[in-house]
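**Q** First the structure, which I've put down as structure tokens, then a few questions once you've had a look.
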There are 2 protein chains.
Amino acid sequence: MKIEVKKNILATNASAAAANRERLKTHGVCIVNMMASPGAGKTSVIVKAIESIRKRLNLAVIEGDIASEIDSLAIEAMDIPAIQINTGGGCHLTAAMISTALDHLDLEALDLIIIENVGNLVCPAEFDLGESARLIITSVAEGHDKPHKYPLVFRKADAILVNKIDLLPYCDFDLAQFRQVVLGINPDAAIIELSCKDGYGVDECCHWLEGRADTVHADLKSRTDTVHSNLKS
Amino acid sequence: MKIEVKKNILATNASAAAANRERLKTHGVCIVNMMASPGAGKTSVIVKAIESIRKRLNLAVIEGDIASEIDSLAIEAMDIPAIQINTGGGCHLTAAMISTALDHLDLEALDLIIIENVGNLVCPAEFDLGESARLIITSVAEGHDKPHKYPLVFRKADAILVNKIDLLPYCDFDLAQFRQVVLGINPDAAIIELSCKDGYGVDECCHWLEGRADTVHADLKSRTDTVHSNLKS
């Protein structure tokens with residue numbers, strides 16, 4: 001007898017993810033699943049993005065951590081709704097956790113939700129959360145060989161931020177080689193160089209986020225227009 | 001009905017770990033389980049340690065990765081036995097994997113085996129491999145708040161290497177705060193500052209590794225002496 005635990009867990013998660021995706025679509029809310037190693041700079045990127053985008057879009061953040069509320073407190077200090085999920089040892093967020101978090105947000109008032117997943121390049125990659133897009137952050141200090149070692153997370157990324165680019169002079173990180181490997185496994189990924197310290201690349205990152213939110217808005221408008229035109233005809 | 005999957009997995013792992021531990025003890029081999037985030041510098045630390053310790057101790061390395069053989073090829077290039085374990089998506093090594101790897105090593109000829117676990121601060125912390133000691137590496141670029149966010153791995157550490165200390169002038173890493181948090185959750189942990197780039201702290205790290213190997217040797221000698229004295233009496 002073979003017990004297919006992992007298969008069942010992923011199937012249950014997939015249906016919860018599909019429900020999240022449909023729910024967010026009907027409200028025209030874009031949701032970005034941000035994944036990275038511990039300490040790659042996820043929270044710093046979110047803080048920079050909030051500062052830049054908040055005038056144009058209504059934002060919220062879902063913070064996934066094994067323990068602590070450090071990150072959600074930092075976001076709440078900026079007067080942005082933040083939901084903290086503590087997984088209590090769990091190494092990734094699941095679609096069911098996101099569903100519960102969405103219950104605590106006013107979706108009608110939001111344009112963009114950023115999910116900061118648990119710091120881990122492995123397990124989060126397997127769990128669809130119902131996101132509109134996947135954003136991976138890697139730091140120059142981690143080295144350029146990460147796409148070789150953690151291929152799934154890089155293959156499924158819509159965009160990859162190469163963060164802490166200000167450390168480039170002090171690290172053995174070969175940008176050309178990194179780009180080559182990433183584009184070999186994921187030719188459609190946007191690769192954006194970034195420094196939260198000096199602000200380099202923050203505009204490009206925010207432009208990408210706004211573009212994803214615009215696409216979700218446009219989808220909702222097109223769905224609504226179709227319903228209206230069907231009603232008229 | 002409640003299916004206790006995790007509990008069963010950990011119980012199976014614990015008995016395999018106990019078997020590994022006993023097997024290594026009878027050969028007087030010290031085995032160190034090295035854990036860290038992706039890109040914290042595990043392989044670089046191992047390479048530095050090999051260069052320094054190989055004259056005094058016989059070494060082998062077990063490399064755990066989701067994919068790729070980059071790391072074991074680097075070790076083999078130094079004429080040190082290296083066993084590559086590719087987990088194929090698995091986020092941590094298990095005691096059963098280590099048992100299989102040990103079958104391929106000449107334990108009688110070895111003093112110290114270093115296990116490079118999968119780059120992940122979460123799941124590996126829960127899986128005892130039968131190790132003599134746990135060594136955690138964290139990089140200055142990851143920030144000093146990691147012990148708050150990944151408490152289990154830091155609580156169970158015997159030593160913590162603060163790697164890439166050469167990046168300290170360029171990162172917001174507060175060493176005093178890091179030490180305070182670590183010692184709050186794990187007062188017995190050795191904390192060693194290190195730079196694989198300029199060699200700072202490599203001696204202290206190697207001294208710690210040699211100390212662990214000496215302890216295992218001394219244990220075996222004391223067990224053998226007891227057997228001999230029992231035979232005589």
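Numbering starts fresh at 1 for the residues of each chain in the structure tokens, the chains themselves are lettered A, B, ... in the order given, and ligands are numbered from 1 as they appear.
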Least-squares superposition of chain B on chain A, every Cα paired in order: what RMSD, in Å?
**A**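 It comes to 0.0 Å after superposition.
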**Q** Given only C-alpha atoms, how would the per-residue table for chain A near chain B read, listing every residue at most 7 Å away with its closest atom pair and distance in Å to one decimal, sorted by chain and number, as JSON lines?
**A**
```
{"residue": "A:Ser37", "atom": "CA", "partner": "B:Pro38", "partner_atom": "CA", "distance": 6.3}
{"residue": "A:Pro38", "atom": "CA", "partner": "B:Ser37", "partner_atom": "CA", "distance": 6.3}
{"residue": "A:Gly39", "atom": "CA", "partner": "B:Glu142", "partner_atom": "CA", "distance": 3.8}
{"residue": "A:Ala40", "atom": "CA", "partner": "B:Glu142", "partner_atom": "CA", "distance": 6.2}
{"residue": "A:Asp65", "atom": "CA", "partner": "B:Lys149", "partner_atom": "CA", "distance": 6.7}
{"residue": "A:Ile66", "atom": "CA", "partner": "B:Lys149", "partner_atom": "CA", "distance": 6.3}
{"residue": "A:Ala67", "atom": "CA", "partner": "B:Lys149", "partner_atom": "CA", "distance": 5.3}
{"residue": "A:Ser68", "atom": "CA", "partner": "B:Lys149", "partner_atom": "CA", "distance": 6.0}
{"residue": "A:Cys91", "atom": "CA", "partner": "B:Val122", "partner_atom": "CA", "distance": 5.8}
{"residue": "A:Asn120", "atom": "CA", "partner": "B:Asn120", "partner_atom": "CA", "distance": 6.0}
{"residue": "A:Val122", "atom": "CA", "partner": "B:Cys91", "partner_atom": "CA", "distance": 5.8}
{"residue": "A:Cys123", "atom": "CA", "partner": "B:Cys91", "partner_atom": "CA", "distance": 6.5}
{"residue": "A:Ala141", "atom": "CA", "partner": "B:Ala141", "partner_atom": "CA", "distance": 6.4}
{"residue": "A:Glu142", "atom": "CA", "partner": "B:Gly39", "partner_atom": "CA", "distance": 3.8}
{"residue": "A:Gly143", "atom": "CA", "partner": "B:Gly39", "partner_atom": "CA", "distance": 5.9}
{"residue": "A:His148", "atom": "CA", "partner": "B:Ser68", "partner_atom": "CA", "distance": 6.4}
{"residue": "A:Lys149", "atom": "CA", "partner": "B:Ala67", "partner_atom": "CA", "distance": 5.3}
{"residue": "A:Tyr150", "atom": "CA", "partner": "B:Ile66", "partner_atom": "CA", "distance": 6.6}
```
**Q** Once you have the residues from the selection above, write them out as a PDB file, in the first residue's frame, restricted to N, CA and C atoms.
**A**
```
ATOM      1  N   SER A  37      15.312  33.423  -0.382  1.00  0.00           N
ATOM      2  CA  SER A  37      16.057  32.882   0.761  1.00  0.00           C
ATOM      3  C   SER A  37      15.859  33.793   1.971  1.00  0.00           C
ATOM      4  N   PRO A  38      16.127  33.270   3.170  1.00  0.00           N
ATOM      5  CA  PRO A  38      16.156  34.174   4.319  1.00  0.00           C
ATOM      6  C   PRO A  38      17.190  35.288   4.092  1.00  0.00           C
ATOM      7  N   GLY A  39      16.790  36.514   4.372  1.00  0.00           N
ATOM      8  CA  GLY A  39      17.741  37.616   4.314  1.00  0.00           C
ATOM      9  C   GLY A  39      18.080  38.131   2.927  1.00  0.00           C
ATOM     10  N   ALA A  40      17.281  37.769   1.903  1.00  0.00           N
ATOM     11  CA  ALA A  40      17.540  38.291   0.556  1.00  0.00           C
ATOM     12  C   ALA A  40      17.036  39.727   0.414  1.00  0.00           C
ATOM     13  N   ASP A  65       5.753  34.062   8.164  1.00  0.00           N
ATOM     14  CA  ASP A  65       6.978  33.785   8.919  1.00  0.00           C
ATOM     15  C   ASP A  65       6.740  32.570   9.797  1.00  0.00           C
ATOM     16  N   ILE A  66       7.804  31.854  10.098  1.00  0.00           N
ATOM     17  CA  ILE A  66       7.709  30.739  11.036  1.00  0.00           C
ATOM     18  C   ILE A  66       7.353  31.275  12.417  1.00  0.00           C
ATOM     19  N   ALA A  67       8.025  32.347  12.782  1.00  0.00           N
ATOM     20  CA  ALA A  67       7.785  32.985  14.079  1.00  0.00           C
ATOM     21  C   ALA A  67       8.026  34.483  13.912  1.00  0.00           C
ATOM     22  N   SER A  68       7.628  35.254  14.894  1.00  0.00           N
ATOM     23  CA  SER A  68       7.844  36.709  14.992  1.00  0.00           C
ATOM     24  C   SER A  68       6.859  37.537  14.168  1.00  0.00           C
ATOM     25  N   CYS A  91       7.222  25.417   6.653  1.00  0.00           N
ATOM     26  CA  CYS A  91       8.279  25.991   5.832  1.00  0.00           C
ATOM     27  C   CYS A  91       7.761  26.750   4.609  1.00  0.00           C
ATOM     28  N   ASN A 120      12.655  30.822   2.073  1.00  0.00           N
ATOM     29  CA  ASN A 120      12.961  29.431   1.732  1.00  0.00           C
ATOM     30  C   ASN A 120      12.846  29.323   0.210  1.00  0.00           C
ATOM     31  N   VAL A 122      12.942  26.509  -1.426  1.00  0.00           N
ATOM     32  CA  VAL A 122      12.560  25.145  -1.818  1.00  0.00           C
ATOM     33  C   VAL A 122      11.041  24.962  -1.783  1.00  0.00           C
ATOM     34  N   CYS A 123      10.506  24.766  -0.588  1.00  0.00           N
ATOM     35  CA  CYS A 123       9.118  24.312  -0.444  1.00  0.00           C
ATOM     36  C   CYS A 123       8.081  25.311  -0.985  1.00  0.00           C
ATOM     37  N   ALA A 141      24.907  38.659  -2.704  1.00  0.00           N
ATOM     38  CA  ALA A 141      25.772  37.972  -1.733  1.00  0.00           C
ATOM     39  C   ALA A 141      25.569  36.464  -1.750  1.00  0.00           C
ATOM     40  N   GLU A 142      24.451  35.987  -2.313  1.00  0.00           N
ATOM     41  CA  GLU A 142      24.174  34.536  -2.333  1.00  0.00           C
ATOM     42  C   GLU A 142      24.945  33.796  -3.428  1.00  0.00           C
ATOM     43  N   GLY A 143      25.498  34.532  -4.381  1.00  0.00           N
ATOM     44  CA  GLY A 143      26.219  33.891  -5.480  1.00  0.00           C
ATOM     45  C   GLY A 143      25.319  33.650  -6.687  1.00  0.00           C
ATOM     46  N   HIS A 148      20.952  27.066 -10.608  1.00  0.00           N
ATOM     47  CA  HIS A 148      21.350  25.669 -10.802  1.00  0.00           C
ATOM     48  C   HIS A 148      20.837  24.803  -9.659  1.00  0.00           C
ATOM     49  N   LYS A 149      20.905  25.360  -8.438  1.00  0.00           N
ATOM     50  CA  LYS A 149      20.648  24.550  -7.251  1.00  0.00           C
ATOM     51  C   LYS A 149      19.183  24.527  -6.839  1.00  0.00           C
ATOM     52  N   TYR A 150      18.443  25.570  -7.202  1.00  0.00           N
ATOM     53  CA  TYR A 150      17.024  25.670  -6.836  1.00  0.00           C
ATOM     54  C   TYR A 150      16.224  25.959  -8.106  1.00  0.00           C
TER      55      TYR A 150
END
```
**Q** Could you check how far atom CA of B:Ile83 sits from atom CA of A:Arg155, in Å to one decimal?
**A**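 Computing it gives 26.7 Å between the two atoms.
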**Q** Quick one: DSSP strand (DSSP E) residues in stretch 140-206 of chain A, as a list in words?
**A**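 DSSP-assigned strand (DSSP E) residues in stretch 140-206 of chain A: Ala159, Ile160, Leu161, Val162, Asn163, Ala190, Ile191, Ile192 and Glu193 of chain A.
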